[in-house]
Amino acid sequence: MNEKELHAIIDRMLKLPKECEWAEFKLNLKSEEEIGKYISALSNGACLQNEQFGYLVFGINDKTLLPDGTTFRPKLHKVGNEELENWLMQRLSPRVEVLIFETIYQEKLITLFQIQAANGQPTCFSQQDHIRVGSITRSLKDFPEKEKKIWTKGPRQLFEKMKARQVESAADVVSLLDTQCYFDLLKVPYPSTRDAVIEKFQSEKFIKANANGYIITNLGALLFAKNIQEFDTVKRKAPRVIQYDGKGKVKTLKDQEGKYGYAVGFERMIKYINDVLPSNEIIGQALRDNVSMYPEIAIRELVANALIHQDFEESGTGPVIEIYSDRIEISNPGLPLITPIRFIDECQSRNEDLAGIMRRFRICEEKGSGIDKVVTHIEIFQLPAYDVHIQEKHTKVVLYAYQKFSDMDKKDRIRACYQHACLKYVMNEKMTNTTLRERFKIADENAAMVSRMIKDTVDAKLIKEDDPENTSRKFVRYIPIWA
């Protein structure tokens with residue numbers, strides 16, 4: 001949103017007679033919990049008032065409706081060590097879009113939260129629903145008729161089911177979509193008639209028949225486009241692979257944007273990534289000879305996850321794979337639906353239709369079995385543990401190139417210890433000093449060094465003893481803190 005659009009919204013706010021169901025004015029922050037309650041109430045209030053958004057505005061006097069300015073900078077504000085925006089989003093259900101803007105309006109700093117209206121389900125914060133009654137925030141449970149109206153407004157249409165393009169004939173469908181790919185991936189014969197192909201694509205919701213011919217859905221275009229640039233609604237969702245010279249972004253060696261739909265182009269993309277990845281003659285003590293620096297199965301799974309779990313409501317951006325000399329960063333639009341420390345044992349798909357068909361195509365693993373394979377092969381290749389960075393509107397997973405154990409810092413070691421404990425747990429085993437030494441190929445006489453790593457991970461509240469009553473330190477076993 002540009003400054004002109006932002007100021008137009010503020011102008012509209014200042015023309016209101018007072019605060020209302022979808023607008024709240026504050027001067028400065030009182031508490032983070034209060035912001036969460038307002039987001040819930042304003043989202044629900046906007047829904048009932050048929051407004052697209054609710055607004056929480058800092059810097060406007062709620063008595064005079066004049067811009068007095070604010071000292072509150074939400075993008076710089078943290079709750080403990082966590083950024084405020086991420087702290088709020090983790091507690092919202094469902095995760096309606098909340099955008100934060102700052103602007104100078106009439107020489108005063110104004111901060112504005114733009115909150116997506118609830119649709120088909122009340123927006124709650126910390127498992128509590130709120131509503132605006134005039135300018136007062138109340139519990140939604142006290143107003144069952146208002147709650148009923150929110151539920152009956154109906155859910156928003158899923159992105160995957162929306163129209164990507166209208167075409168006139170079955171021939172146009174086959175011209176734009178690689179229908180052969182669908183049958184090849186499922187390892188079934190291609191139908192003998194075009195009508196049978198069209199019928200199958202309709203049953204899979206890749207296309208819909210209407211009075212003007214056929215609608216190609218976003219799902220159909222995302223998966224099977226022969227040229228994704230032919231579809232305006234999804235062309236910015238094409239994955240992009242960028243290779244840099246060195247550890248930074250100063251010099252770009254290659255920048256390749258995907259041309260095909262995900263199903264059509266996935267194997268091509270993985271081959272391209274593997275072709276430009278660095279190789280190593282020796283990786284730790286586990287593998288020798290000229291092999292890729294990174295396990296292909298880990299790259300496949302993480303790239304597939306970036307495609308499947310992206311938030312399609314984030315416009316103008318898509319999955320990006322960035323290759324540096326010492327790491328690979330795989331990013332997708334949107335914040336994760338589950339906390340990153342549970343990636344290895346939990347799975348919640350944001351885009352169920354897309355995820356389902358990608359699994360049927362064997363492009364990604366079954367639910368809950370992908371990240372454990374990533375960790376397994378990271379350990380085989382003797383690589384540092386993967387890392388997850390939650391950014392303002394993106395989720396980034398980082399794979400690191402080989403490092404000696406002595407070169408890993410404390411955070412690297414804690415992360416590796418935790419992931420090893422998770423891997424053992426999902427395999428119905430328990431982590432011990434011995435298994436962790438084996439993971440890093442550390443000699444028995446250096447067991448004390450591994451004990452220190454375990455203690456640091458316990459202190460970080462990521463793992464715990466399996467049996468706290470055990471008095472023998474020699475046979476202590478460890479499990480994830482959530483187990």
# chains A, B, ... in the order shown; residues from 1 in each chain; ligands from 1
$ residues_around --residues "Ser406 of chain A" --least-positions-apart "6" --cutoff "12 Å" --atoms "only C-alpha atoms" --output "MDAnalysis selection string"
chainID A and resid 384 412:413 440 442 449:450
$ residues_around --residues "Tyr214 of chain A" --least-positions-apart "3" --cutoff "6 Å" --atoms "only C-alpha atoms" --output "ChimeraX atom specification"
/A:166-167,208-210
$ residues_around --residues "Lys455 of chain A" --least-positions-apart "2" --cutoff "12 Å" --atoms "only C-alpha atoms" --output "count of residues only"
24
$ residues_around --residues "Trp22 of chain A" --least-positions-apart "5" --cutoff "12 Å" --atoms "only C-alpha atoms" --output "PyMOL selection string"
chain A and resi 13+16+38-57+113-118+131-137
$ atom_distance --atom1 "atom CA of Tyr386 of chain A" --atom2 "atom CA of Met427 of chain A"
18.9 Å
$ closest_atom_pairs --of "segment 144-203 of chain A" --to "segment 230-251 of chain A" --cutoff "9 Å" --atoms "only C-alpha atoms" --output "Markdown table"
| residue | atom | partner | partner_atom | distance |
| --- | --- | --- | --- | --- |
| A:Lys163 | CA | A:Thr233 | CA | 8.1 |
| A:Ala164 | CA | A:Thr233 | CA | 5.6 |
| A:Arg165 | CA | A:Phe231 | CA | 6.5 |
| A:Leu176 | CA | A:Glu230 | CA | 8.0 |
$ select_by_dssp --residues "segment 149-324 of chain A" --states "strand (DSSP E)" --output "VMD selection string"
chain A and resid 163 to 167 207 to 210 213 to 217 240 to 244 252 to 257 279 to 283 287 to 292 320 to 323
$ atom_distance --atom1 "atom CA of Ala416 of chain A" --atom2 "atom CA of His394 of chain A"
23.1 Å
$ residues_around --residues "Phe159 of chain A" --least-positions-apart "3" --cutoff "12 Å" --atoms "only C-alpha atoms" --output "JSON, numbers by chain"
{"A": [155, 156, 162, 163, 164, 217, 218, 219, 220, 221, 222, 233, 234, 310, 311, 312, 313, 314, 315, 350, 351, 352, 353, 354]}
$ write_last_selection --atoms "N, CA and C atoms" --output "short mmCIF file (atom, residue, chain, number, x, y, z; two decimals), in the first residue's frame"
data_model
loop_
_atom_site.label_atom_id
_atom_site.label_comp_id
_atom_site.auth_asym_id
_atom_site.auth_seq_id
_atom_site.Cartn_x
_atom_site.Cartn_y
_atom_site.Cartn_z
N PRO A 155 -17.64 -19.74 4.25
CA PRO A 155 -16.19 -19.63 4.09
C PRO A 155 -15.81 -19.01 2.75
N ARG A 156 -14.69 -18.33 2.74
CA ARG A 156 -14.15 -17.77 1.52
C ARG A 156 -13.72 -18.90 0.58
N MET A 162 -10.41 -21.40 -7.31
CA MET A 162 -10.76 -20.18 -8.04
C MET A 162 -10.33 -20.26 -9.50
N LYS A 163 -10.90 -19.38 -10.31
CA LYS A 163 -10.65 -19.39 -11.75
C LYS A 163 -9.28 -18.81 -12.08
N ALA A 164 -8.53 -19.56 -12.88
CA ALA A 164 -7.28 -19.04 -13.41
C ALA A 164 -7.48 -18.47 -14.82
N THR A 217 -8.94 -24.05 -13.31
CA THR A 217 -8.81 -23.56 -11.94
C THR A 217 -7.34 -23.24 -11.63
N ASN A 218 -7.15 -22.51 -10.55
CA ASN A 218 -5.77 -22.24 -10.10
C ASN A 218 -5.01 -23.53 -9.84
N LEU A 219 -5.72 -24.54 -9.29
CA LEU A 219 -5.07 -25.82 -9.01
C LEU A 219 -4.56 -26.45 -10.32
N GLY A 220 -5.41 -26.45 -11.35
CA GLY A 220 -5.00 -27.01 -12.63
C GLY A 220 -3.83 -26.27 -13.23
N ALA A 221 -3.87 -24.94 -13.16
CA ALA A 221 -2.78 -24.14 -13.73
C ALA A 221 -1.49 -24.32 -12.94
N LEU A 222 -1.60 -24.31 -11.61
CA LEU A 222 -0.40 -24.47 -10.77
C LEU A 222 0.31 -25.78 -11.06
N THR A 233 -3.31 -15.30 -12.59
CA THR A 233 -3.55 -15.51 -11.16
C THR A 233 -2.44 -16.29 -10.47
N VAL A 234 -1.64 -17.04 -11.24
CA VAL A 234 -0.62 -17.89 -10.60
C VAL A 234 0.79 -17.65 -11.12
N GLN A 310 2.91 -22.89 0.96
CA GLN A 310 2.91 -21.44 0.78
C GLN A 310 1.52 -20.87 1.01
N ASP A 311 1.46 -19.62 1.38
CA ASP A 311 0.20 -18.92 1.57
C ASP A 311 -0.12 -18.18 0.27
N PHE A 312 -1.12 -18.68 -0.47
CA PHE A 312 -1.45 -18.10 -1.76
C PHE A 312 -2.09 -16.72 -1.63
N GLU A 313 -2.51 -16.36 -0.42
CA GLU A 313 -3.09 -15.03 -0.22
C GLU A 313 -2.03 -13.94 -0.21
N GLU A 314 -0.76 -14.32 -0.06
CA GLU A 314 0.33 -13.35 -0.14
C GLU A 314 0.61 -13.09 -1.61
N SER A 315 0.23 -11.92 -2.08
CA SER A 315 0.31 -11.63 -3.50
C SER A 315 1.71 -11.18 -3.90
N ARG A 350 -1.71 -26.23 4.52
CA ARG A 350 -2.52 -25.05 4.27
C ARG A 350 -3.38 -25.24 3.02
N ASN A 351 -2.86 -25.98 2.04
CA ASN A 351 -3.53 -26.16 0.75
C ASN A 351 -3.75 -27.66 0.53
N GLU A 352 -4.85 -28.17 1.06
CA GLU A 352 -5.08 -29.61 1.10
C GLU A 352 -5.18 -30.25 -0.28
N ASP A 353 -5.88 -29.59 -1.21
CA ASP A 353 -6.02 -30.17 -2.55
C ASP A 353 -4.67 -30.30 -3.24
N LEU A 354 -3.87 -29.24 -3.15
CA LEU A 354 -2.55 -29.27 -3.76
C LEU A 354 -1.67 -30.32 -3.08
#
$ select_by_dssp --residues "segment 157-314 of chain A" --states "helix (DSSP H, G or I)" --output "PyMOL selection string"
chain A and resi 159-161+170-176+179-186+194-203+218-224+228-230+235-237+262-276+296-308
$ closest_residue --among "A:Glu322, A:Gly370, A:Cys20, A:Lys63" --to "Phe343 of chain A" --atoms "only C-alpha atoms"
A:Gly370
$ residues_around --residues "segment 79-95 of chain A" --least-positions-apart "2" --cutoff "9 Å" --atoms "only C-alpha atoms" --output "MDAnalysis selection string"
chainID A and resid 32:33 35:36 39:40 74:77 97:98 100 118 121:127 335:339 390:392
$ write_last_selection --atoms "N, CA and C atoms" --output "short mmCIF file (atom, residue, chain, number, x, y, z; two decimals), in the first residue's frame"
data_model
loop_
_atom_site.label_atom_id
_atom_site.label_comp_id
_atom_site.auth_asym_id
_atom_site.auth_seq_id
_atom_site.Cartn_x
_atom_site.Cartn_y
_atom_site.Cartn_z
N GLU A 32 0.31 -6.09 24.96
CA GLU A 32 0.24 -6.92 23.75
C GLU A 32 -1.07 -7.71 23.71
N GLU A 33 -1.53 -8.18 24.86
CA GLU A 33 -2.79 -8.93 24.92
C GLU A 33 -3.96 -8.08 24.44
N ILE A 35 -3.87 -5.77 22.15
CA ILE A 35 -3.85 -5.73 20.69
C ILE A 35 -4.50 -6.98 20.13
N GLY A 36 -4.17 -8.14 20.71
CA GLY A 36 -4.76 -9.39 20.24
C GLY A 36 -6.27 -9.39 20.35
N ILE A 39 -7.72 -7.19 17.62
CA ILE A 39 -7.68 -7.83 16.31
C ILE A 39 -8.86 -8.78 16.15
N SER A 40 -9.12 -9.60 17.18
CA SER A 40 -10.26 -10.51 17.15
C SER A 40 -11.57 -9.74 17.00
N PRO A 74 5.34 -1.03 16.24
CA PRO A 74 5.09 -2.47 16.37
C PRO A 74 6.10 -3.35 15.65
N LYS A 75 6.67 -2.88 14.54
CA LYS A 75 7.63 -3.71 13.81
C LYS A 75 8.96 -3.84 14.57
N LEU A 76 9.18 -2.96 15.52
CA LEU A 76 10.38 -3.04 16.35
C LEU A 76 10.10 -3.65 17.71
N HIS A 77 8.83 -3.86 18.03
CA HIS A 77 8.43 -4.30 19.36
C HIS A 77 8.55 -5.82 19.48
N GLU A 97 -5.34 -12.26 7.79
CA GLU A 97 -4.21 -11.42 7.42
C GLU A 97 -4.23 -10.13 8.23
N VAL A 98 -3.10 -9.81 8.84
CA VAL A 98 -2.95 -8.55 9.58
C VAL A 98 -1.72 -7.85 9.01
N ILE A 100 0.67 -4.35 8.95
CA ILE A 100 1.03 -3.22 9.81
C ILE A 100 1.72 -2.16 8.96
N ALA A 118 -13.35 -11.40 9.37
CA ALA A 118 -13.67 -12.82 9.53
C ALA A 118 -14.62 -13.25 8.42
N GLN A 121 -16.11 -18.02 9.90
CA GLN A 121 -15.65 -18.50 11.21
C GLN A 121 -15.17 -17.31 12.02
N PRO A 122 -15.58 -17.17 13.28
CA PRO A 122 -15.10 -16.05 14.09
C PRO A 122 -13.59 -16.08 14.26
N THR A 123 -12.98 -14.91 14.27
CA THR A 123 -11.56 -14.79 14.55
C THR A 123 -11.37 -14.74 16.06
N CYS A 124 -10.52 -15.62 16.58
CA CYS A 124 -10.29 -15.63 18.02
C CYS A 124 -8.82 -15.40 18.33
N PHE A 125 -8.56 -14.90 19.52
CA PHE A 125 -7.20 -14.66 19.99
C PHE A 125 -7.02 -15.41 21.30
N SER A 126 -5.99 -16.25 21.35
CA SER A 126 -5.74 -17.08 22.54
C SER A 126 -7.00 -17.84 22.94
N GLN A 127 -7.68 -18.40 21.93
CA GLN A 127 -8.86 -19.25 22.11
C GLN A 127 -10.07 -18.50 22.67
N LEU A 335 3.41 -17.55 6.91
CA LEU A 335 3.94 -18.06 8.17
C LEU A 335 3.45 -19.48 8.39
N PRO A 336 4.22 -20.31 9.08
CA PRO A 336 3.82 -21.71 9.26
C PRO A 336 2.59 -21.84 10.14
N LEU A 337 1.80 -22.88 9.90
CA LEU A 337 0.60 -23.13 10.70
C LEU A 337 0.93 -23.83 12.01
N ILE A 338 2.12 -24.42 12.10
CA ILE A 338 2.57 -25.05 13.34
C ILE A 338 3.93 -24.48 13.71
N THR A 339 4.29 -24.55 14.98
CA THR A 339 5.56 -24.02 15.41
C THR A 339 6.70 -24.82 14.80
N ILE A 390 11.55 -17.47 10.71
CA ILE A 390 10.21 -16.92 10.47
C ILE A 390 10.36 -15.43 10.24
N GLN A 391 10.09 -15.00 9.01
CA GLN A 391 10.23 -13.61 8.66
C GLN A 391 8.86 -12.92 8.67
N GLU A 392 8.82 -11.69 8.23
CA GLU A 392 7.58 -10.92 8.33
C GLU A 392 6.44 -11.59 7.57
#
$ atom_distance --atom1 "atom CA of Ser292 of chain A" --atom2 "atom CA of Tyr324 of chain A"
14.1 Å
$ residues_around --residues "Gln106 of chain A" --least-positions-apart "6" --cutoff "12 Å" --atoms "only C-alpha atoms" --output "ChimeraX atom specification"
/A:7,10-11,59-60,66-69
$ closest_residue --among "A:His309, A:Lys108, A:Lys254, A:Lys37" --to "Asn61 of chain A" --atoms "only C-alpha atoms"
A:Lys108
